[in-house]
Structure formats: structure tokens, C-alpha cells
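Listing of input_20.cif, mmCIF, C-alpha atoms
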```cif
data_structure
#
loop_
_atom_site.label_atom_id
_atom_site.label_comp_id
_atom_site.auth_asym_id
_atom_site.auth_seq_id
_atom_site.Cartn_x
_atom_site.Cartn_y
_atom_site.Cartn_z
CA MET A 848 1.70 57.42 104.13
CA ASN A 849 -1.82 57.44 102.69
CA ILE A 850 -1.84 56.91 98.92
CA LEU A 851 -4.94 57.58 96.85
CA ILE A 852 -5.14 55.82 93.50
CA THR A 853 -8.04 56.77 91.24
CA GLY A 854 -8.77 54.34 88.43
CA ALA A 855 -7.41 51.65 90.73
CA MET A 856 -9.12 48.83 88.81
CA GLY A 857 -7.70 49.90 85.46
CA PHE A 858 -4.62 48.51 83.75
CA VAL A 859 -2.01 50.80 85.30
CA GLY A 860 -3.95 51.04 88.54
CA ARG A 861 -4.06 47.29 89.14
CA ASN A 862 -0.33 46.96 88.57
CA LEU A 863 0.49 49.92 90.80
CA VAL A 864 -1.79 48.68 93.59
CA ALA A 865 -0.25 45.19 93.42
CA SER A 866 3.28 46.61 93.68
CA LEU A 867 2.38 48.89 96.58
CA GLU A 868 0.69 46.00 98.37
CA ASN A 869 3.92 44.00 98.03
CA ILE A 870 5.79 46.88 99.66
CA ARG A 871 3.17 47.32 102.39
CA ASP A 872 3.13 43.60 103.20
CA GLY A 873 6.92 43.34 103.37
CA LYS A 874 7.18 41.15 100.27
CA ASP A 875 9.17 43.73 98.31
CA LYS A 876 12.02 45.25 100.27
CA THR A 877 13.83 46.70 97.24
CA ARG A 878 11.96 50.01 97.12
CA ASN A 879 13.03 53.29 98.66
CA ILE A 880 9.78 53.85 100.57
CA SER A 881 8.49 52.71 103.94
CA GLN A 882 6.09 49.80 104.12
CA ASP A 883 3.98 51.91 106.47
CA ILE A 884 1.49 52.83 103.75
CA THR A 885 -2.27 52.76 103.37
CA ILE A 886 -3.74 52.40 99.88
CA PHE A 887 -7.02 54.13 99.05
CA GLU A 888 -8.49 52.54 95.93
CA TYR A 889 -11.03 54.64 94.07
CA ASP A 890 -12.81 53.55 90.89
CA ILE A 891 -16.06 53.87 89.03
CA ASP A 892 -18.03 51.94 91.65
CA SER A 893 -16.70 53.98 94.57
CA SER A 894 -18.88 56.52 96.34
CA GLU A 895 -18.63 60.30 96.59
CA ASN A 896 -18.18 59.91 100.33
CA GLU A 897 -15.18 57.66 99.78
CA LEU A 898 -13.57 60.19 97.45
CA ASP A 899 -14.17 62.91 100.02
CA GLU A 900 -12.61 60.87 102.82
CA TYR A 901 -9.66 59.78 100.70
CA CYS A 902 -8.92 63.34 99.57
CA ARG A 903 -9.00 64.51 103.17
CA LYS A 904 -6.49 61.89 104.31
CA ALA A 905 -4.23 61.46 101.26
CA ASP A 906 -0.51 62.20 101.39
CA PHE A 907 -0.07 61.48 97.67
CA VAL A 908 -2.56 61.13 94.82
CA PHE A 909 -2.15 59.08 91.65
CA ASN A 910 -4.93 60.16 89.30
CA LEU A 911 -5.10 57.27 86.84
CA ALA A 912 -8.85 57.55 86.21
CA GLY A 913 -9.93 58.36 82.68
CA VAL A 914 -12.14 57.55 79.72
CA ASN A 915 -10.67 55.89 76.63
CA ARG A 916 -13.58 54.34 74.76
CA PRO A 917 -16.83 56.23 75.52
CA GLN A 918 -20.12 55.68 73.72
CA ASN A 919 -20.04 59.31 72.58
CA THR A 920 -17.21 61.81 72.32
CA ASP A 921 -18.73 64.16 74.93
CA GLU A 922 -17.79 61.61 77.59
CA PHE A 923 -14.10 62.25 76.90
CA MET A 924 -14.31 65.70 78.43
CA SER A 925 -16.57 64.73 81.32
CA GLY A 926 -14.57 61.59 82.12
CA ASN A 927 -11.09 63.06 81.79
CA PHE A 928 -11.32 66.81 82.47
CA GLY A 929 -14.49 66.56 84.54
CA PHE A 930 -13.20 64.03 87.04
CA ALA A 931 -9.84 65.79 87.32
CA ASP A 932 -11.73 68.96 88.23
CA LYS A 933 -13.79 67.10 90.86
CA LEU A 934 -10.66 65.54 92.36
CA LEU A 935 -8.79 68.82 92.66
CA ASN A 936 -11.82 70.64 94.08
CA THR A 937 -12.18 67.94 96.73
CA LEU A 938 -8.52 68.36 97.69
CA LYS A 939 -9.07 72.14 97.86
CA LYS A 940 -12.10 71.61 100.07
CA HIS A 941 -9.89 69.94 102.67
CA ASN A 942 -6.94 72.29 102.05
CA ASN A 943 -4.88 69.21 101.22
CA LEU A 944 -1.74 70.31 99.38
CA CYS A 945 -0.27 66.82 98.90
CA PRO A 946 1.51 65.97 95.62
CA VAL A 947 -0.84 64.99 92.79
CA MET A 948 0.04 62.96 89.71
CA LEU A 949 -1.95 63.01 86.45
CA SER A 950 -1.94 60.20 83.92
CA SER A 951 -2.12 61.96 80.57
CA SER A 952 -1.28 60.79 77.06
CA ILE A 953 0.94 61.76 74.15
CA GLN A 954 -2.38 62.26 72.34
CA ALA A 955 -2.82 65.44 74.39
CA ALA A 956 -0.78 67.06 71.62
CA LEU A 957 -3.37 66.02 68.99
CA ASP A 958 -6.48 67.92 67.95
CA ASN A 959 -9.07 65.21 68.55
CA PRO A 960 -11.75 64.82 71.27
CA TYR A 961 -9.64 62.45 73.36
CA GLY A 962 -6.51 64.59 73.03
CA GLN A 963 -8.42 67.77 73.80
CA SER A 964 -9.84 66.24 76.99
CA LYS A 965 -6.38 65.12 78.10
CA LYS A 966 -4.88 68.54 77.34
CA ALA A 967 -7.67 70.22 79.31
CA GLY A 968 -6.86 67.98 82.27
CA GLU A 969 -3.18 68.85 82.01
CA ASP A 970 -3.90 72.58 81.94
CA LEU A 971 -6.18 72.21 84.95
CA PHE A 972 -3.45 70.42 86.94
CA PHE A 973 -0.74 72.92 86.01
CA GLU A 974 -3.02 75.81 87.01
CA TYR A 975 -3.83 74.06 90.29
CA GLY A 976 -0.12 73.71 91.00
CA LYS A 977 0.45 77.44 90.42
CA GLU A 978 -2.50 78.49 92.55
CA SER A 979 -1.92 76.12 95.46
CA SER A 980 1.85 75.55 95.33
CA ALA A 981 1.08 71.82 95.56
CA LYS A 982 3.51 69.58 93.71
CA VAL A 983 2.02 68.50 90.36
CA LEU A 984 3.36 65.65 88.25
CA VAL A 985 1.90 65.30 84.75
CA TYR A 986 2.91 62.24 82.74
CA ARG A 987 2.23 62.04 79.01
CA PHE A 988 2.35 58.28 78.58
CA PRO A 989 2.87 56.71 75.17
CA ASN A 990 1.29 53.29 74.54
CA VAL A 991 1.61 51.13 77.66
CA PHE A 992 1.79 47.33 77.41
CA GLY A 993 2.05 44.47 79.87
CA LYS A 994 0.01 41.99 81.89
CA TRP A 995 -3.64 42.71 82.73
CA CYS A 996 -4.12 45.14 79.85
CA ARG A 997 -7.60 44.74 78.35
CA PRO A 998 -7.57 43.39 74.76
CA ASN A 999 -9.81 44.73 72.01
CA TYR A 1000 -10.01 48.06 73.80
CA ASN A 1001 -7.31 50.66 73.26
CA SER A 1002 -4.06 48.68 73.09
CA ALA A 1003 -2.93 47.04 69.86
CA VAL A 1004 -0.28 45.07 71.75
CA ALA A 1005 -2.85 43.64 74.18
CA THR A 1006 -5.17 42.73 71.31
CA PHE A 1007 -2.42 41.07 69.28
CA CYS A 1008 -1.11 39.15 72.31
CA ASN A 1009 -4.58 37.93 73.20
CA ASN A 1010 -5.62 36.98 69.69
CA ILE A 1011 -2.40 35.23 68.71
CA ALA A 1012 -2.23 33.33 72.01
CA ASN A 1013 -5.85 32.22 71.55
CA ASP A 1014 -5.68 31.32 67.83
CA LEU A 1015 -7.75 34.32 66.75
CA GLU A 1016 -7.21 36.47 63.67
CA ILE A 1017 -5.51 39.85 63.83
CA THR A 1018 -5.68 42.82 61.48
CA VAL A 1019 -2.57 44.82 60.67
CA ASN A 1020 -3.36 47.88 58.59
CA ASN A 1021 0.24 49.01 58.14
CA ARG A 1022 3.25 46.95 59.19
CA GLU A 1023 5.48 50.05 58.98
CA THR A 1024 3.55 51.99 61.63
CA VAL A 1025 6.06 53.04 64.30
CA MET A 1026 5.03 52.45 67.92
CA ASN A 1027 6.51 54.14 70.97
CA LEU A 1028 5.85 51.82 73.90
CA VAL A 1029 6.47 51.75 77.64
CA TYR A 1030 6.29 48.56 79.68
CA ILE A 1031 4.00 48.44 82.68
CA ASP A 1032 6.77 47.47 85.13
CA ASP A 1033 8.82 50.47 83.96
CA VAL A 1034 5.75 52.68 84.44
CA VAL A 1035 5.20 51.38 87.96
CA ASP A 1036 8.90 51.78 88.79
CA GLU A 1037 8.70 55.42 87.71
CA LEU A 1038 5.51 56.06 89.70
CA ILE A 1039 7.07 54.60 92.84
CA ARG A 1040 10.12 56.80 92.28
CA ALA A 1041 7.72 59.75 92.03
CA LEU A 1042 6.24 58.70 95.36
CA SER A 1043 9.75 59.03 96.79
CA GLY A 1044 10.23 62.49 95.23
CA GLU A 1045 12.57 61.10 92.58
CA GLU A 1046 10.41 61.47 89.47
CA THR A 1047 11.99 61.75 86.02
CA ARG A 1048 11.44 65.26 84.68
CA ASP A 1049 11.36 66.47 81.08
CA GLY A 1050 10.63 70.18 81.23
CA GLU A 1051 7.27 70.77 82.88
CA TYR A 1052 6.25 67.15 82.28
CA CYS A 1053 7.35 63.90 83.87
CA LYS A 1054 8.15 60.78 81.88
CA VAL A 1055 8.96 57.09 81.97
CA PRO A 1056 12.66 57.02 81.05
CA ILE A 1057 12.60 53.70 79.16
CA VAL A 1058 10.72 53.90 75.84
CA HIS A 1059 10.82 51.21 73.15
CA THR A 1060 10.42 52.22 69.50
CA ILE A 1061 9.44 49.43 67.10
CA THR A 1062 7.21 48.89 64.09
CA LEU A 1063 3.86 47.14 64.23
CA GLY A 1064 5.16 44.49 61.83
CA GLU A 1065 8.12 43.71 64.05
CA ILE A 1066 5.80 43.30 67.05
CA VAL A 1067 3.55 40.90 65.14
CA ASP A 1068 6.52 38.87 63.88
CA LEU A 1069 7.86 38.54 67.41
CA LEU A 1070 4.48 37.41 68.74
CA TYR A 1071 4.11 34.74 66.08
CA SER A 1072 7.66 33.56 66.83
CA PHE A 1073 6.63 33.19 70.49
CA LYS A 1074 3.65 31.11 69.42
CA ASP A 1075 5.83 28.92 67.18
CA SER A 1076 8.36 28.42 69.98
CA ARG A 1077 6.20 25.69 71.47
CA LYS A 1078 6.72 23.67 68.30
CA ASN A 1079 10.34 24.46 67.47
CA LEU A 1080 11.39 24.68 71.16
CA SER A 1081 13.02 28.08 70.64
CA VAL A 1082 13.05 30.94 73.12
CA PRO A 1083 13.33 34.62 72.23
CA ASN A 1084 16.55 36.57 72.46
CA LEU A 1085 16.10 37.76 76.03
CA SER A 1086 19.15 40.03 75.82
CA ASP A 1087 16.83 42.29 73.82
CA ALA A 1088 14.92 44.24 76.49
CA PHE A 1089 11.79 44.72 74.40
CA ALA A 1090 11.59 41.07 73.32
CA LYS A 1091 11.94 40.00 76.95
CA LYS A 1092 9.09 42.28 78.07
CA LEU A 1093 6.86 41.38 75.13
CA TYR A 1094 7.38 37.65 75.73
CA SER A 1095 6.34 38.04 79.38
CA THR A 1096 3.30 39.98 78.23
CA TYR A 1097 2.37 37.39 75.60
CA LEU A 1098 2.48 34.53 78.10
CA SER A 1099 0.02 36.38 80.36
CA TYR A 1100 -2.62 36.09 77.60
CA LEU A 1101 -2.42 32.32 77.20
CA PRO A 1102 -5.76 30.57 77.78
CA GLU A 1103 -5.93 29.11 81.27
CA ASP A 1104 -6.34 25.61 79.87
CA GLY A 1105 -3.34 26.09 77.60
CA PHE A 1106 -0.41 26.78 79.91
CA SER A 1107 1.20 23.39 79.18
CA TYR A 1108 2.36 21.86 75.90
CA GLU A 1109 3.65 18.41 75.01
CA LEU A 1110 7.24 17.57 74.16
CA LYS A 1111 8.41 14.75 71.92
CA MET A 1112 9.79 11.96 74.10
CA ASN A 1113 12.20 9.70 72.21
CA CYS A 1114 11.56 6.43 74.03
CA ASP A 1115 13.05 2.95 73.86
CA ALA A 1116 13.72 0.08 76.27
CA ARG A 1117 16.56 2.03 77.88
CA GLY A 1118 14.41 5.04 78.85
CA SER A 1119 13.83 8.31 77.05
CA PHE A 1120 15.48 11.47 75.76
CA THR A 1121 13.49 14.70 75.42
CA GLU A 1122 14.59 18.07 74.07
CA ILE A 1123 13.16 20.98 76.07
CA ILE A 1124 14.61 24.25 74.72
CA LYS A 1125 16.74 25.13 71.70
CA THR A 1126 18.50 28.45 71.27
CA LEU A 1127 20.47 30.02 68.43
CA ASP A 1128 23.40 31.05 70.60
CA ARG A 1129 23.10 29.24 73.94
CA GLY A 1130 22.73 25.61 72.89
CA GLN A 1131 19.93 23.28 73.90
CA PHE A 1132 18.45 21.84 77.08
CA SER A 1133 17.19 18.28 77.39
CA VAL A 1134 16.16 15.67 79.94
CA ASN A 1135 17.37 12.08 79.84
CA ILE A 1136 15.71 9.20 81.73
CA SER A 1137 17.66 5.96 82.16
CA LYS A 1138 16.15 2.69 83.38
CA PRO A 1139 17.91 0.75 86.18
CA GLY A 1140 21.13 -0.92 84.99
CA ILE A 1141 21.14 0.95 81.68
CA THR A 1142 24.27 2.60 80.28
CA LYS A 1143 23.92 5.40 77.72
CA GLY A 1144 26.50 7.26 75.70
CA ASN A 1145 29.81 5.65 74.74
CA HIS A 1146 30.61 8.41 72.29
CA TRP A 1147 32.76 11.51 72.02
CA HIS A 1148 32.71 14.93 70.33
CA HIS A 1149 35.19 17.23 68.58
CA THR A 1150 33.56 20.56 69.50
CA LYS A 1151 30.23 19.80 71.14
CA ASN A 1152 30.43 20.01 74.93
CA GLU A 1153 27.78 19.21 77.50
CA LYS A 1154 26.83 19.58 81.15
CA PHE A 1155 25.08 16.72 83.00
CA VAL A 1156 23.06 17.21 86.19
CA VAL A 1157 21.51 14.12 87.77
CA VAL A 1158 18.40 15.30 89.61
CA SER A 1159 16.93 11.93 90.62
CA GLY A 1160 18.44 8.48 91.12
CA THR A 1161 22.07 7.42 91.37
CA GLY A 1162 24.67 6.62 88.75
CA VAL A 1163 28.20 7.01 87.47
CA ILE A 1164 29.63 9.05 84.62
CA ARG A 1165 32.78 7.59 83.09
CA PHE A 1166 35.36 9.32 80.90
CA ARG A 1167 38.31 8.17 78.84
CA LYS A 1168 40.48 10.49 76.74
CA ILE A 1169 40.71 9.33 73.14
CA GLY A 1170 44.01 7.46 72.72
CA ASP A 1171 44.36 6.84 76.46
CA ALA A 1172 43.39 3.76 78.46
CA LYS A 1173 42.71 5.38 81.83
CA VAL A 1174 39.03 5.65 82.83
CA HIS A 1175 37.84 8.38 85.19
CA GLU A 1176 34.62 7.94 87.20
CA TYR A 1177 32.27 10.51 88.76
CA PHE A 1178 29.51 9.11 90.97
CA VAL A 1179 26.36 11.21 90.82
CA SER A 1180 23.09 11.33 92.72
CA GLY A 1181 19.92 13.36 92.97
CA ASP A 1182 20.73 13.64 96.69
CA LYS A 1183 23.67 15.90 95.82
CA ILE A 1184 22.95 18.17 92.86
CA GLU A 1185 26.15 18.94 90.99
CA VAL A 1186 27.23 19.70 87.42
CA VAL A 1187 29.55 17.39 85.55
CA ASP A 1188 31.23 18.94 82.50
CA ILE A 1189 31.64 16.65 79.48
CA PRO A 1190 34.82 17.86 77.74
CA VAL A 1191 35.54 17.38 74.05
CA GLY A 1192 37.96 14.63 73.12
CA TYR A 1193 36.73 12.27 75.87
CA THR A 1194 34.47 9.33 75.20
CA HIS A 1195 31.90 9.14 77.97
CA ASN A 1196 28.91 7.25 79.24
CA ILE A 1197 26.42 7.40 82.09
CA GLU A 1198 25.15 4.30 83.92
CA ASN A 1199 22.15 4.02 86.23
CA LEU A 1200 23.39 2.24 89.38
CA GLY A 1201 20.09 2.45 91.26
CA ASP A 1202 16.86 0.49 91.26
CA THR A 1203 14.72 3.42 90.06
CA ASP A 1204 14.78 5.61 86.96
CA MET A 1205 17.67 8.06 86.87
CA VAL A 1206 16.78 11.54 85.59
CA THR A 1207 19.53 13.70 84.11
CA PHE A 1208 19.17 17.31 83.01
CA MET A 1209 21.51 17.99 80.08
CA TRP A 1210 22.82 21.10 78.37
CA ALA A 1211 24.74 21.08 75.08
CA ASN A 1212 26.53 24.11 73.70
CA GLU A 1213 24.91 23.60 70.29
CA CYS A 1214 21.61 22.28 69.02
CA PHE A 1215 21.71 18.83 67.47
CA ASP A 1216 22.35 18.99 63.72
CA PRO A 1217 21.63 15.67 61.97
CA GLU A 1218 23.76 16.85 59.03
CA LYS A 1219 26.74 17.34 61.32
CA PRO A 1220 26.09 15.50 64.60
CA ASP A 1221 29.71 15.65 65.87
CA THR A 1222 29.06 12.39 67.76
CA PHE A 1223 31.34 9.36 67.33
CA TYR A 1224 30.81 5.94 68.91
CA GLU A 1225 33.55 4.52 71.08
CA GLU A 1226 33.32 2.39 74.23
CA VAL A 1227 34.68 3.96 77.37
#
```
Can you turn what I pasted into C-alpha cells?
Amino acid sequence: MNILITGAMGFVGRNLVASLENIRDGKDKTRNISQDITIFEYDIDSSENELDEYCRKADFVFNLAGVNRPQNTDEFMSGNFGFADKLLNTLKKHNNLCPVMLSSSIQAALDNPYGQSKKAGEDLFFEYGKESSAKVLVYRFPNVFGKWCRPNYNSAVATFCNNIANDLEITVNNRETVMNLVYIDDVVDELIRALSGEETRDGEYCKVPIVHTITLGEIVDLLYSFKDSRKNLSVPNLSDAFAKKLYSTYLSYLPEDGFSYELKMNCDARGSFTEIIKTLDRGQFSVNISKPGITKGNHWHHTKNEKFVVVSGTGVIRFRKIGDAKVHEYFVSGDKIEVVDIPVGYTHNIENLGDTDMVTFMWANECFDPEKPDTFYEEV
């Protein structure tokens, strides 16, 4: 299948091309299309001859090309309606009746230069479909967000992600402004379904079925919470689909020299203990390093429970039920990754039996609360 993508270097285009390349190269085998595809990428620097050749050979056309921020409003019509007209005329020239998709906007319903140009493009596509009997798919996209979206252009989410991640100021005119947003991966999923003839229809239009509705203020608050998470070690509530997608988007705007951040290592002669992640409802994750011959622990808990995973070195974890004299031992090693549950009501310790540092990944069902530590010393 030959697939023509106009606007291939734009935000949606880059993501669609990358996903199709993964299918073509056999890296993504989850899609319901053959990997026997050829991708024709057309953009502003492409030639008229290339467009002519691509339109002659195409089996499906994604028209993602368009003008969002011209120097004068006349360019809206020439860039949106004008190119759509050129594209369809070139298909007509070659009598190519392949399916054609148009990337339009919810602003096509508005009486402004941008909306008028988008509506004109829609009308042109619908008329082409009636005249030629070619399959026409017109999508009125709401605001699209995700990786590779250009900040300070036409996406508030991209601008806020970029500025907050890079310690720049943002301007919020009205926190109560309601945004209808679609995530780039959901857009690409829908476009690939359309390629398979399984597009989501809503009357004469097509649509992305997953739309997130949220206020501008809520978006900004989430983004600042993501920024603060490096200090308080929190992570967002990833059971919330929008928060999960926005967090992924935010991370893509981090400066390239700012991917890492330091953690507080609590060090002494025995080794170190470092908290990594704290959550409101899933406990906390930490890493413990023990020097050779060192024993840590010798305490028990009423309600707090833990999981220990030794990832490097060798050691032994010992347990004794409170009020009982019998000691149970579990020998652990980074050569055999396994989880050891630390039940409540058992005093426990962990000893490094090797001659190198022993590294243990630890999970606790609750974050440490110095006001109520639920930790009581007792030798195993």
C-alpha cells in the first residue's frame, strides 16, 4: 500500500509517519494492516513533481497540511483551501479514486478567517467525494497535544509544558476556560484504523473517539505538580487517563541537559538508604545499599509491610515472629532476582554476606511518616 502524507513534518504528521514506519519495519505487529507499505512524505519543501508522482501512486491520502499561524489572514485560505484544491485536482488528473482524509478543526464552525478556510476545505472534500465517489474522511480535530508539538505556536498545552519544564513564565488569562483535548497517540490510532477502513464516524464527519475535557487551570496545576514531583518524589495518579498522557507529554519537553535529578542519599558507615518515589495510595519505593558484613533492620511493624528485592550482592534476610524464638532465614542474591515479603508482626533484618556492596530495592505499602513511623526495635 502506498500512503501519501501531506504535512508530514508537522506535529500530527511526524507522529503518524513514525508509527507507520514502525509497522513497515516490523517493529509494531499490533496493528491490523500489512507491513508492506510505502510512505510518501510531502511537506513545504517538497516539489510539484513529487506531489504529482505521489498522487499518481497513492492508495490512501492523509492530508495533514495546513496553515495555522500565517503572517496575514489571506494565507489561511491559500494554505488550507488552496492546497486542498491542488491535491484533489492532482488526484483527478491521474483518475486516482483512493480514499482521502482531511485534517480539519472544530474551528471550522466559527466565523473567523481560520475557521472559514477550514470549512471551505471541508466543503471541497465533500463535493469531491460526491462527484468522484471516492471515499472521503473529514476529521474536525479539537486541540491535539502530545510529544513533538511546537510550543509558542498554536497549542496552549505545548507552550505550558515547554515553559514550565524549562523554568519559564506562563500566562493564564482564564483558569476556568474549558479545553476539549485529544492525545496524539489516540489521533494516530484513529488514523491507522481509518487506513484499515475502520474509521470512527459521527454523521458525515469522522472523529477521534477519546476526548478529554478539562479546564485550563486544572491543566496548569497538574503541570506544576509534575515539576514539583522531582522534589517531593511524587508521581501523578496514572489511573487517570488524562494525567497519564499529560505527564508523558510534559516529560518530552524537559531540557536535554535536565533529564536527571538528584536524590537525597541518607549515608552512614553501614551504607545508604535513598527514597525514590512516594505515592498517595501505592506506598513508596527506595533503594538500600549495605556494606560488606553489615546488618540492617532488627525492627518490626504493626501495619507497614514491605517487599525486598536484592539486585546486587548476596545476603540473608532473617525473620522472627514477635513472641516466638524460632528464626527463619531467606538467602538472597542478585544472581537470582526474587521478592521477599516482609510481613507485619515479624522482626526482621538483612545482612550482607558478600565482599561487595549489597543493593536492595525496597517497596513499602505506605510512605514514611515521622509522626507515626510504625517501626519498633527488636533484635531478630
Item checked: Selection result for the PyMOL selection byres ((chain A and resi 1176) around 8) on this file, as a VMD selection string -> chain A and resid 1163 to 1166 1174 to 1175 1177 to 1178
Note to self: Take the PyMOL selection byres ((chain A and resi 1179) around 12), run it mentally on this structure, and tell me the resulting residues as a count of residues only.
What the structure shows: 30
Checklist line | For atom CA of A:Cys1214 and atom CA of A:Glu1109, the interatomic separation in Å (one decimal) | finding: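 Computing it gives 19.3 Å between the two atoms.
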Check: Got a sec: who's within 9 Å of stretch 884-886 of chain A, counting all atoms listed in the file, leaving out chain neighbours fewer than 4 positions off, as a list of chain:residue names?
Finding: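 Once the adjacent positions are removed, what remains is A:Met848, A:Asn849, A:Ile850, A:Leu851, A:Ile852, A:Val864, A:Leu867, A:Glu868, A:Ile870, A:Arg871, A:Ile880.
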Next item on the list: Name the residues captured by the PyMOL selection byres ((chain A and resi 965-972) around 7) when it is applied to the shown file; answer as a ChimeraX atom specification.
Entry: /A:927-928,931,951-952,955,961-964,973-976,983,985
Item checked: Nearest candidate to A:Asp1032 (options A:Tyr1100, A:Phe992, A:Phe1215, A:Tyr1000; using only C-alpha atoms) ->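 Once distances to A:Asp1032 are computed over only C-alpha atoms, the minimum belongs to A:Phe992.
Distances to A:Leu1038 were evaluated for A:Gly1050, A:Gly993, A:Pro1056, A:Gly1118 using all atoms listed in the file, and the minimum falls at A:Pro1056.
The space between atom CA of A:Ala912 and atom CA of A:Asp883 spans 24.6 Å.
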Next item on the list: Select, from A:Pro1102, A:Gly1130, A:Pro1220, A:Gly1064, the residue with the minimum atom-to-atom distance to A:Ile1017, counting only C-alpha atoms.
Entry: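 Of A:Pro1102, A:Gly1130, A:Pro1220, A:Gly1064, the one nearest A:Ile1017, counting only C-alpha atoms, is A:Gly1064.
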Note to self: My list of candidates is A:Ala1003, A:Leu984, A:Ala1211, A:Ile891. Which is closest to A:Ile1123 when distances are computed with only C-alpha atoms?
What the structure shows: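 For A:Ile1123, the nearest of the given residues is A:Ala1211.
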Next item on the list: Excluding A:Thr1006 and any residue of its chain fewer than 3 positions from it, enumerate the residues within 12 Å of it, using all atoms listed in the file, and give them as a PyMOL selection string.
Entry: chain A and resi 992-1003+1009-1019+1066-1067+1070+1096-1097+1100
Checklist line | Nearby residues (only C-alpha atoms) at most 9 Å from A:Val859, same-chain spacing under 4 positions excluded, as JSON, numbers by chain | finding: {"A": [854, 855, 863, 864, 911, 991, 995, 996, 1031, 1034, 1035]}
Check: Between atom CA of A:Ile1189 and atom CA of A:Asn1145, what is the spacing in Å?
Finding: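 Atom-to-atom, atom CA of A:Asn1145 and atom CA of A:Ile1189 are spaced 12.1 Å apart.
With distances restricted to only C-alpha atoms, A:Ser950 is the closest residue to A:Gly857 from A:Ser1099, A:Ser894, A:Asn1079, A:Ser950.
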Note to self: Which residues are near A:Ile1057? Cut-off 9 Å, only C-alpha atoms, ignore same chain within fewer than 3 positions. Put them as a PyMOL selection string.
What the structure shows: chain A and resi 1028-1030+1033-1034+1054
Selected residues written out with C-alpha atoms, as a PDB file, in the frame of the given file:
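After the write, again.pdb holds the following:
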```
ATOM      1  CA  LEU A1028       5.850  51.820  73.900  1.00  0.00           C
ATOM      2  CA  VAL A1029       6.470  51.750  77.640  1.00  0.00           C
ATOM      3  CA  TYR A1030       6.290  48.560  79.680  1.00  0.00           C
ATOM      4  CA  ASP A1033       8.820  50.470  83.960  1.00  0.00           C
ATOM      5  CA  VAL A1034       5.750  52.680  84.440  1.00  0.00           C
ATOM      6  CA  LYS A1054       8.150  60.780  81.880  1.00  0.00           C
TER       7      LYS A1054
END
```
Check: Given the choices A:Leu1042, A:Leu938, A:Ala981, A:Met1112, which gets closest to A:Phe907 if the distance is worked out from all atoms listed in the file?
Finding: A:Leu1042
Item checked: Distance query A:Glu1226 at most 8 Å, only C-alpha atoms, self and fewer than 4 positions along chain excluded, as a list of chain:residue names ->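 The filter keeps A:Asn1145, A:His1146, A:Thr1194, A:His1195.
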